[in-house]
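Colleague: To be precise about what I am sending: the file is called model34.txt and holds compact mmCIF, C-alpha atoms.
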```
# COMPACT_ATOMS: atom_id res chain seq x y z
CA MET A 15 45.27 -66.86 13.73
CA SER A 16 42.66 -65.06 15.79
CA SER A 17 39.11 -66.30 15.56
CA SER A 18 37.29 -65.11 12.49
CA LEU A 19 35.16 -61.98 12.62
CA ILE A 20 33.63 -62.99 9.27
CA PRO A 21 31.00 -65.75 9.38
CA PRO A 22 31.30 -68.18 6.41
CA GLU A 23 27.87 -67.15 5.10
CA SER A 24 29.07 -63.55 4.83
CA LEU A 25 32.31 -64.54 3.10
CA ALA A 26 30.21 -66.46 0.58
CA ARG A 27 28.53 -63.18 -0.42
CA VAL A 28 31.67 -61.60 -1.92
CA GLY A 29 30.80 -60.64 -5.51
CA GLU A 30 27.08 -60.56 -4.74
CA VAL A 31 24.86 -57.63 -5.78
CA LEU A 32 23.89 -56.08 -2.42
CA SER A 33 20.87 -54.17 -3.65
CA GLU A 34 18.86 -54.14 -6.84
CA PRO A 35 19.89 -51.42 -9.32
CA VAL A 36 18.31 -48.02 -8.64
CA THR A 37 17.68 -45.51 -11.42
CA VAL A 38 17.28 -41.83 -10.64
CA ARG A 39 17.02 -38.66 -12.73
CA ILE A 40 19.63 -36.14 -11.60
CA ASP A 41 17.65 -33.24 -10.20
CA ARG A 42 18.95 -29.67 -10.33
CA ARG A 43 17.48 -28.59 -7.00
CA GLU A 44 18.73 -31.65 -5.12
CA ALA A 45 22.20 -31.27 -6.61
CA GLN A 46 22.33 -27.56 -5.76
CA ARG A 47 21.10 -28.25 -2.24
CA TYR A 48 23.97 -30.73 -1.90
CA ALA A 49 26.47 -28.18 -3.28
CA TYR A 50 25.30 -25.56 -0.77
CA ALA A 51 25.42 -28.09 2.08
CA VAL A 52 29.06 -28.83 1.22
CA GLY A 53 29.92 -25.17 0.63
CA ASP A 54 31.06 -26.00 -2.91
CA VAL A 55 29.38 -23.25 -4.93
CA ASN A 56 31.18 -23.90 -8.20
CA PRO A 57 29.42 -21.84 -10.94
CA ILE A 58 29.22 -24.91 -13.24
CA TYR A 59 26.61 -26.31 -10.80
CA PHE A 60 24.50 -23.12 -10.92
CA ASP A 61 24.97 -21.26 -14.22
CA VAL A 62 24.15 -23.21 -17.36
CA ASP A 63 26.03 -20.78 -19.63
CA LEU A 64 29.21 -21.23 -17.61
CA ALA A 65 28.67 -25.01 -17.61
CA HIS A 66 28.38 -24.92 -21.44
CA ALA A 67 31.49 -22.73 -21.66
CA ALA A 68 33.36 -25.32 -19.58
CA GLY A 69 32.37 -28.06 -22.04
CA TYR A 70 29.37 -29.61 -20.29
CA ARG A 71 26.06 -30.48 -22.03
CA SER A 72 24.15 -28.84 -19.17
CA LEU A 73 24.62 -28.00 -15.50
CA THR A 74 26.92 -30.55 -13.93
CA VAL A 75 26.82 -31.68 -10.29
CA PRO A 76 29.31 -32.12 -7.42
CA PRO A 77 31.31 -35.30 -8.19
CA LEU A 78 30.19 -37.31 -5.15
CA PHE A 79 26.54 -36.19 -5.31
CA ILE A 80 25.49 -39.22 -7.37
CA THR A 81 25.86 -41.50 -4.34
CA HIS A 82 23.34 -39.40 -2.43
CA ALA A 83 21.03 -38.94 -5.44
CA LEU A 84 20.56 -42.72 -5.44
CA VAL A 85 19.59 -43.07 -1.76
CA ARG A 86 16.24 -44.86 -1.60
CA PRO A 87 13.41 -43.19 0.29
CA GLU A 88 12.68 -45.25 3.43
CA PRO A 89 9.84 -45.07 5.94
CA ALA A 90 10.62 -43.76 9.45
CA GLN A 91 9.51 -47.11 10.94
CA LYS A 92 12.76 -48.57 9.60
CA LEU A 93 14.96 -46.24 11.68
CA ARG A 94 17.15 -48.03 14.22
CA PRO A 95 18.09 -46.52 17.61
CA ASP A 96 21.33 -45.14 16.14
CA GLY A 97 19.38 -43.27 13.46
CA LEU A 98 20.47 -45.50 10.59
CA TYR A 99 17.94 -47.50 8.60
CA GLU A 100 17.45 -51.22 9.01
CA ASP A 101 19.18 -52.52 5.99
CA SER A 102 18.78 -55.93 4.41
CA THR A 103 22.06 -55.35 2.55
CA THR A 104 24.07 -55.26 5.80
CA VAL A 105 26.75 -57.92 5.75
CA THR A 106 26.69 -59.84 9.04
CA LEU A 107 29.99 -59.63 10.94
CA LYS A 108 31.04 -60.49 14.51
CA VAL A 109 31.99 -56.90 15.28
CA SER A 110 30.63 -54.11 17.48
CA ARG A 111 31.37 -51.12 15.32
CA MET A 112 31.55 -50.15 11.65
CA MET A 113 33.52 -47.04 10.67
CA PHE A 114 33.82 -45.16 7.43
CA GLY A 115 37.30 -45.90 6.12
CA GLY A 116 37.41 -43.91 2.90
CA GLU A 117 36.50 -44.11 -0.77
CA GLU A 118 38.08 -44.58 -4.18
CA TRP A 119 36.42 -43.06 -7.25
CA ASP A 120 36.94 -43.16 -11.01
CA PHE A 121 35.08 -40.57 -13.06
CA LEU A 122 34.70 -41.71 -16.65
CA GLU A 123 31.99 -39.49 -18.18
CA PRO A 124 30.40 -36.22 -17.10
CA VAL A 125 27.13 -36.32 -15.14
CA CYS A 126 24.64 -33.55 -15.89
CA VAL A 127 21.27 -32.44 -14.60
CA GLY A 128 18.56 -34.52 -16.30
CA ASP A 129 20.73 -37.61 -16.75
CA GLU A 130 19.17 -40.94 -15.74
CA ILE A 131 21.78 -42.62 -13.53
CA THR A 132 21.59 -46.26 -12.50
CA GLY A 133 23.65 -47.46 -9.56
CA THR A 134 24.42 -51.10 -8.83
CA THR A 135 26.32 -52.04 -5.68
CA ARG A 136 28.25 -55.24 -5.10
CA LEU A 137 30.16 -56.59 -2.16
CA ALA A 138 33.57 -56.34 -3.83
CA ASP A 139 35.81 -57.47 -1.01
CA LEU A 140 35.68 -58.71 2.55
CA ASP A 141 38.77 -59.66 4.49
CA GLN A 142 40.12 -59.78 7.99
CA LYS A 143 43.40 -58.06 8.85
CA ASP A 144 45.52 -57.72 11.97
CA GLY A 145 46.00 -54.14 13.11
CA LYS A 146 47.74 -52.49 16.06
CA LYS A 147 44.45 -52.48 17.97
CA GLY A 148 43.65 -56.09 17.12
CA PRO A 149 41.88 -57.79 14.23
CA PHE A 150 39.54 -55.81 11.98
CA VAL A 151 37.48 -56.41 8.88
CA ARG A 152 37.86 -54.41 5.68
CA LEU A 153 34.64 -54.37 3.69
CA VAL A 154 34.50 -52.90 0.19
CA ARG A 155 31.24 -51.99 -1.51
CA GLU A 156 31.69 -51.17 -5.19
CA THR A 157 29.05 -49.17 -7.02
CA THR A 158 28.94 -48.81 -10.79
CA PHE A 159 27.02 -45.80 -12.10
CA THR A 160 25.71 -45.90 -15.69
CA ASN A 161 23.81 -43.25 -17.63
CA GLN A 162 20.81 -43.32 -19.98
CA ASP A 163 23.12 -44.14 -22.92
CA GLY A 164 24.55 -47.18 -21.14
CA GLN A 165 27.91 -45.49 -20.53
CA ILE A 166 29.63 -46.16 -17.22
CA VAL A 167 30.00 -42.65 -15.78
CA ALA A 168 31.68 -43.50 -12.48
CA ARG A 169 32.78 -46.27 -10.15
CA SER A 170 33.09 -45.93 -6.41
CA ARG A 171 34.66 -48.25 -3.86
CA GLN A 172 33.48 -47.46 -0.37
CA ILE A 173 35.66 -48.90 2.37
CA GLY A 174 34.22 -49.83 5.73
CA ILE A 175 36.40 -50.77 8.71
CA ALA A 176 34.70 -52.97 11.31
CA ARG A 177 36.06 -54.18 14.64
CA MET B 28 46.12 -15.62 -18.93
CA SER B 29 43.95 -18.17 -17.19
CA LYS B 30 43.83 -17.96 -13.43
CA TYR B 31 43.84 -21.77 -13.45
CA PRO B 32 46.77 -24.12 -14.10
CA THR B 33 47.05 -25.52 -17.64
CA VAL B 34 48.92 -28.43 -19.17
CA SER B 35 51.71 -26.06 -20.22
CA THR B 36 51.97 -24.00 -17.02
CA VAL B 37 51.72 -26.68 -14.31
CA GLU B 38 54.93 -27.91 -12.67
CA VAL B 39 55.74 -30.82 -10.37
CA GLY B 40 55.89 -29.41 -6.84
CA ASP B 41 53.21 -26.77 -7.46
CA GLU B 42 51.20 -26.38 -4.29
CA LEU B 43 47.42 -26.03 -4.27
CA PRO B 44 46.15 -22.98 -2.37
CA VAL B 45 45.43 -24.06 1.20
CA MET B 46 41.72 -24.41 1.98
CA HIS B 47 40.21 -24.13 5.46
CA LYS B 48 36.94 -25.77 6.43
CA SER B 49 34.92 -25.99 9.59
CA ALA B 50 31.32 -27.10 9.96
CA SER B 51 28.89 -25.72 12.55
CA GLU B 52 26.07 -27.83 13.99
CA ALA B 53 23.64 -26.26 11.54
CA GLU B 54 25.93 -26.98 8.60
CA LEU B 55 26.34 -30.61 9.65
CA PHE B 56 22.59 -30.90 10.00
CA LEU B 57 22.15 -29.43 6.53
CA TYR B 58 24.57 -32.01 5.11
CA SER B 59 22.69 -34.83 6.88
CA ALA B 60 19.50 -33.56 5.25
CA ALA B 61 20.99 -33.03 1.78
CA SER B 62 22.57 -36.50 1.83
CA PHE B 63 19.49 -38.15 3.42
CA ASN B 64 21.62 -39.47 6.29
CA PRO B 65 19.80 -39.74 9.65
CA HIS B 66 22.75 -41.19 11.63
CA ARG B 67 22.54 -39.63 15.12
CA ILE B 68 26.30 -39.22 15.63
CA HIS B 69 26.09 -36.27 13.20
CA TYR B 70 23.58 -34.12 15.15
CA ASP B 71 22.93 -35.59 18.61
CA ARG B 72 25.86 -34.81 20.96
CA ALA B 73 24.65 -37.04 23.80
CA TYR B 74 24.29 -39.95 21.40
CA ALA B 75 27.70 -39.27 19.81
CA ASN B 76 29.23 -39.33 23.33
CA TYR B 77 27.35 -42.56 24.08
CA GLU B 78 29.00 -44.14 21.01
CA GLY B 79 32.40 -43.02 22.31
CA HIS B 80 32.92 -39.92 20.15
CA GLU B 81 34.16 -36.78 21.91
CA ASP B 82 31.65 -34.58 20.06
CA ILE B 83 29.31 -34.46 17.05
CA VAL B 84 31.10 -36.20 14.17
CA VAL B 85 31.74 -34.63 10.76
CA HIS B 86 30.49 -37.00 8.02
CA GLY B 87 33.26 -38.87 6.16
CA PRO B 88 31.62 -38.22 2.76
CA LEU B 89 31.29 -34.49 3.56
CA GLN B 90 35.08 -34.40 3.94
CA GLY B 91 35.22 -36.32 0.63
CA SER B 92 33.19 -33.56 -1.04
CA TRP B 93 35.42 -30.89 0.56
CA LEU B 94 38.33 -32.78 -1.00
CA THR B 95 36.82 -32.70 -4.51
CA GLN B 96 36.06 -28.99 -4.05
CA PHE B 97 39.68 -28.36 -3.01
CA ILE B 98 40.80 -29.98 -6.28
CA THR B 99 38.24 -28.45 -8.66
CA ASP B 100 38.64 -24.93 -7.18
CA TRP B 101 42.34 -25.16 -8.06
CA ALA B 102 41.95 -26.91 -11.43
CA GLY B 103 39.15 -24.71 -12.76
CA PRO B 104 35.91 -25.43 -14.63
CA GLU B 105 37.51 -26.74 -17.83
CA ALA B 106 39.57 -29.37 -16.02
CA ARG B 107 38.13 -32.83 -15.40
CA LEU B 108 38.54 -34.80 -12.19
CA LEU B 109 39.45 -38.33 -13.32
CA SER B 110 39.92 -40.12 -10.03
CA VAL B 111 40.17 -39.48 -6.32
CA GLU B 112 40.78 -41.69 -3.30
CA TRP B 113 41.07 -40.96 0.37
CA GLN B 114 41.32 -42.68 3.73
CA ASN B 115 39.51 -41.42 6.82
CA ARG B 116 42.16 -42.06 9.51
CA ALA B 117 40.46 -40.26 12.39
CA SER B 118 37.22 -38.44 13.19
CA ALA B 119 36.72 -34.71 12.73
CA PHE B 120 34.29 -32.95 15.06
CA VAL B 121 31.85 -30.05 14.85
CA ALA B 122 33.45 -26.57 14.72
CA GLU B 123 36.98 -27.98 14.41
CA GLU B 124 39.30 -25.98 12.14
CA LEU B 125 40.43 -28.25 9.31
CA GLU B 126 43.02 -27.57 6.64
CA PHE B 127 43.49 -29.03 3.17
CA SER B 128 46.89 -28.85 1.47
CA GLY B 129 48.19 -30.56 -1.63
CA VAL B 130 50.96 -30.74 -4.21
CA VAL B 131 51.42 -31.82 -7.85
CA THR B 132 53.45 -35.04 -7.84
CA SER B 133 53.55 -35.93 -11.54
CA ILE B 134 52.47 -34.60 -14.94
CA ASP B 135 51.74 -36.35 -18.22
CA ARG B 136 51.89 -33.46 -20.71
CA GLN B 137 50.72 -35.71 -23.54
CA SER B 138 47.34 -36.48 -21.96
CA GLY B 139 47.21 -33.38 -19.77
CA SER B 140 46.66 -35.38 -16.61
CA VAL B 141 48.39 -34.54 -13.36
CA GLU B 142 48.58 -36.45 -10.11
CA LEU B 143 48.09 -34.77 -6.76
CA GLU B 144 48.85 -35.74 -3.18
CA ILE B 145 46.60 -34.11 -0.65
CA GLN B 146 46.19 -34.05 3.14
CA GLU B 147 43.44 -32.89 5.40
CA ARG B 148 44.79 -32.04 8.86
CA LYS B 149 43.47 -30.86 12.18
CA HIS B 150 44.59 -27.59 13.77
CA ASP B 151 47.24 -29.49 15.79
CA GLY B 152 48.70 -30.86 12.56
CA SER B 153 47.44 -34.42 13.00
CA LEU B 154 46.50 -36.18 9.78
CA LEU B 155 42.80 -36.83 9.24
CA MET B 156 42.67 -37.78 5.63
CA PRO B 157 45.47 -38.62 3.19
CA ALA B 158 44.29 -38.50 -0.43
CA LYS B 159 45.38 -38.80 -4.04
CA ALA B 160 43.74 -37.54 -7.19
CA THR B 161 44.20 -37.40 -10.94
CA VAL B 162 42.95 -34.37 -12.88
CA ARG B 163 43.07 -33.57 -16.58
CA LEU B 164 43.89 -29.88 -16.90
CA ALA B 165 42.75 -27.47 -19.58
CA GLU B 166 45.16 -27.15 -22.51
CA SER B 167 45.50 -23.38 -22.33
```
Could the structure of this file be written out as structure tokens, please?
Modeller:
Amino acid sequence: MSSSLIPPESLARVGEVLSEPVTVRIDRREAQRYAYAVGDVNPIYFDVDLAHAAGYRSLTVPPLFITHALVRPEPAQKLRPDGLYEDSTTVTLKVSRMMFGGEEWDFLEPVCVGDEITGTTRLADLDQKDGKKGPFVRLVRETTFTNQDGQIVARSRQIGIAR
Amino acid sequence: MSKYPTVSTVEVGDELPVMHKSASEAELFLYSAASFNPHRIHYDRAYANYEGHEDIVVHGPLQGSWLTQFITDWAGPEARLLSVEWQNRASAFVAEELEFSGVVTSIDRQSGSVELEIQERKHDGSLLMPAKATVRLAES
């Protein structure tokens, strides 16, 4: 067994809420800006009549937008040299690099403009694996998104690969 | 007749229309802004090189949103995306020509949900992102 890349104090955090729940009202302009930035100009994000005709209460939003809607505003003083923010939710690992490994999403209820969405993120999983290029850590952050009626609208599992 | 697949018209083996994507520097910058992501590897070439990337890196979540667009453009506005998952196996870079392709792998005509297998590939055919999704199609 190679030496552990996961300090015991980090392993002990599995299951922990990584950041306090954030609640945000889904904003039409922000969602449309996101849709344009992706190049996904689906009419149900822009034309309320077409959204109604497709069975939505109001304009809906690109499926993955809710992650970005919930990003907390941060002061520029917290920017690190790599451009990312200093983040108290970072899980300490003995690695030099964290890469984006992918995501898994379940969509349970529609999300529409004006909804109040609350996101809560937990450290769902943390384990060390042996790959072709040596040991790496797989870190899973799970976010549960609920709406103003208390319904769970979506769940995301964001997978980070660190080595 | 609907231009979109329905529970009664869809067949296993149906292929989704191929979608091409490529992001310029300005488009990547716009995505950084819209997603409130200041990571330098997405707009600063010298810094991306310093971190060992051959060029400015396309955001993983941007490719995730391209993936959901690929699915919803095929399925149409009355369909509902139920789940999607993908793995980012390699990095995509600014201005690279990328191609999404996908196929229907199973159908549950009772519930109307279909499963898809999707790939995003580079111009040379190498696999960037394998993905799976479940969509509930419109009834007619």
Colleague: Mind checking which residues fall within 9 Å of Tyr59 (chain A), counting all atoms listed in the file, ignoring those fewer than 4 positions away in the same chain, and posting them as JSON, numbers by chain?
Modeller: {"A": [42, 45, 46, 49, 55, 64, 65, 73, 74, 75, 76, 127]}
Colleague: Find the residues in chain A near chain B: any atom within 6 Å counts, using all atoms listed in the file. Write them as a list in words.
Modeller: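 Those within range of chain B come out as Tyr48, Ala51, Asp54, Ala68, His82, Asp96, Gly97, Leu98, Gly115, Gly116, Glu117, Glu118, Trp119, Asp120 and Phe121 of chain A.
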Colleague: Which residues are near Ile80 (chain A)? Cut-off 10 Å, all atoms listed in the file, ignore same chain within fewer than 2 positions. Put them as a PyMOL selection string.
Modeller: chain A and resi 38+40+45+75-78+82-85+125+131-133+159+168
Colleague: What does the distance between CA of Lys108 (chain A) and CA of Val36 (chain A) come to in Å, to one decimal place?
Modeller: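 We find that CA of Lys108 (chain A) and CA of Val36 (chain A) lie 29.2 Å from each other.
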Colleague: Figure out the distance between CA of Val84 (chain B) and CA of Thr135 (chain A), please, to one decimal in Å.
Modeller: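 Separating CA of Thr135 (chain A) from CA of Val84 (chain B) is a distance of 25.8 Å.
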Colleague: Just to confirm, what's the straight-line distance from CA of His150 (chain B) to CA of Gly40 (chain B) in Å (one decimal)?
Modeller: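 Result for CA of His150 (chain B) versus CA of Gly40 (chain B): 23.6 Å, one decimal.
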Colleague: Closest to Ile134 (chain B) among B:Ala73, B:Val45, B:Leu94, B:Val39, using all atoms listed in the file?
Modeller: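 Closest residue, counting all atoms listed in the file: B:Val39.
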Colleague: Looking at B:Glu124, B:Glu166, B:Leu43, B:Asp135, which one is nearest to Gly152 (chain B), with distances taken over only C-alpha atoms?
Modeller: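 That would be B:Glu124, the residue with the smallest distance to Gly152 (chain B).
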Colleague: Counting only C-alpha atoms, find the residues whose atoms lie at most 12 Å from (14.8, -48.3, 2.4) (file coordinates) and write them out as a PyMOL selection string.
Modeller: (chain A and resi 33-34+36+84-93+98-103) or (chain B and resi 63-64)
Colleague: With C-alpha atoms kept, could you save the residues just selected as a PDB file, keeping the file's coordinate frame?
Modeller:
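Result went into result17.pdb, see below:
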```pdb
ATOM      1  CA  SER A  33      20.870 -54.170  -3.650  1.00  0.00           C
ATOM      2  CA  GLU A  34      18.860 -54.140  -6.840  1.00  0.00           C
ATOM      3  CA  VAL A  36      18.310 -48.020  -8.640  1.00  0.00           C
ATOM      4  CA  LEU A  84      20.560 -42.720  -5.440  1.00  0.00           C
ATOM      5  CA  VAL A  85      19.590 -43.070  -1.760  1.00  0.00           C
ATOM      6  CA  ARG A  86      16.240 -44.860  -1.600  1.00  0.00           C
ATOM      7  CA  PRO A  87      13.410 -43.190   0.290  1.00  0.00           C
ATOM      8  CA  GLU A  88      12.680 -45.250   3.430  1.00  0.00           C
ATOM      9  CA  PRO A  89       9.840 -45.070   5.940  1.00  0.00           C
ATOM     10  CA  ALA A  90      10.620 -43.760   9.450  1.00  0.00           C
ATOM     11  CA  GLN A  91       9.510 -47.110  10.940  1.00  0.00           C
ATOM     12  CA  LYS A  92      12.760 -48.570   9.600  1.00  0.00           C
ATOM     13  CA  LEU A  93      14.960 -46.240  11.680  1.00  0.00           C
ATOM     14  CA  LEU A  98      20.470 -45.500  10.590  1.00  0.00           C
ATOM     15  CA  TYR A  99      17.940 -47.500   8.600  1.00  0.00           C
ATOM     16  CA  GLU A 100      17.450 -51.220   9.010  1.00  0.00           C
ATOM     17  CA  ASP A 101      19.180 -52.520   5.990  1.00  0.00           C
ATOM     18  CA  SER A 102      18.780 -55.930   4.410  1.00  0.00           C
ATOM     19  CA  THR A 103      22.060 -55.350   2.550  1.00  0.00           C
TER      20      THR A 103
ATOM     21  CA  PHE B  63      19.490 -38.150   3.420  1.00  0.00           C
ATOM     22  CA  ASN B  64      21.620 -39.470   6.290  1.00  0.00           C
TER      23      ASN B  64
END
```
Colleague: N, CA, C and O atoms are needed for region 73-89 of chain B; please write them out as a compact mmCIF listing (two decimals), in the coordinates of the input.
Modeller:
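Dumped to out-v3.txt:
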```
# COMPACT_ATOMS: atom_id res chain seq x y z
N ALA B 73 24.73 -36.02 22.74
CA ALA B 73 24.65 -37.04 23.80
C ALA B 73 24.81 -38.43 23.19
O ALA B 73 25.51 -39.29 23.74
N TYR B 74 24.18 -38.63 22.03
CA TYR B 74 24.29 -39.95 21.40
C TYR B 74 25.71 -40.19 20.88
O TYR B 74 26.25 -41.29 20.99
N ALA B 75 26.32 -39.14 20.31
CA ALA B 75 27.70 -39.27 19.81
C ALA B 75 28.63 -39.64 20.97
O ALA B 75 29.47 -40.54 20.84
N ASN B 76 28.44 -39.00 22.12
CA ASN B 76 29.23 -39.33 23.33
C ASN B 76 28.99 -40.78 23.74
O ASN B 76 29.93 -41.51 24.05
N TYR B 77 27.73 -41.19 23.70
CA TYR B 77 27.35 -42.56 24.08
C TYR B 77 28.07 -43.58 23.19
O TYR B 77 28.49 -44.64 23.65
N GLU B 78 28.27 -43.23 21.91
CA GLU B 78 29.00 -44.14 21.01
C GLU B 78 30.51 -44.00 21.13
O GLU B 78 31.26 -44.62 20.39
N GLY B 79 30.97 -43.14 22.07
CA GLY B 79 32.40 -43.02 22.31
C GLY B 79 33.08 -41.90 21.56
O GLY B 79 34.31 -41.80 21.59
N HIS B 80 32.32 -41.05 20.87
CA HIS B 80 32.92 -39.92 20.15
C HIS B 80 32.99 -38.72 21.09
O HIS B 80 32.08 -38.50 21.88
N GLU B 81 34.04 -37.90 20.97
CA GLU B 81 34.16 -36.78 21.91
C GLU B 81 33.18 -35.65 21.62
O GLU B 81 32.91 -34.82 22.48
N ASP B 82 32.64 -35.61 20.41
CA ASP B 82 31.65 -34.58 20.06
C ASP B 82 30.90 -35.04 18.81
O ASP B 82 31.10 -36.16 18.32
N ILE B 83 30.04 -34.15 18.28
CA ILE B 83 29.31 -34.46 17.05
C ILE B 83 30.32 -34.67 15.91
O ILE B 83 31.26 -33.89 15.76
N VAL B 84 30.12 -35.75 15.15
CA VAL B 84 31.10 -36.20 14.17
C VAL B 84 30.81 -35.60 12.79
O VAL B 84 29.67 -35.60 12.34
N VAL B 85 31.86 -35.10 12.14
CA VAL B 85 31.74 -34.63 10.76
C VAL B 85 31.66 -35.85 9.84
O VAL B 85 32.48 -36.77 9.96
N HIS B 86 30.68 -35.87 8.94
CA HIS B 86 30.49 -37.00 8.02
C HIS B 86 31.76 -37.25 7.20
O HIS B 86 32.34 -36.29 6.65
N GLY B 87 32.13 -38.53 7.04
CA GLY B 87 33.26 -38.87 6.16
C GLY B 87 33.03 -38.39 4.73
O GLY B 87 33.91 -37.76 4.13
N PRO B 88 31.85 -38.66 4.14
CA PRO B 88 31.62 -38.22 2.76
C PRO B 88 31.58 -36.70 2.59
O PRO B 88 31.89 -36.19 1.51
N LEU B 89 31.24 -35.96 3.66
CA LEU B 89 31.29 -34.49 3.56
C LEU B 89 32.76 -34.07 3.36
O LEU B 89 33.08 -33.23 2.51
```
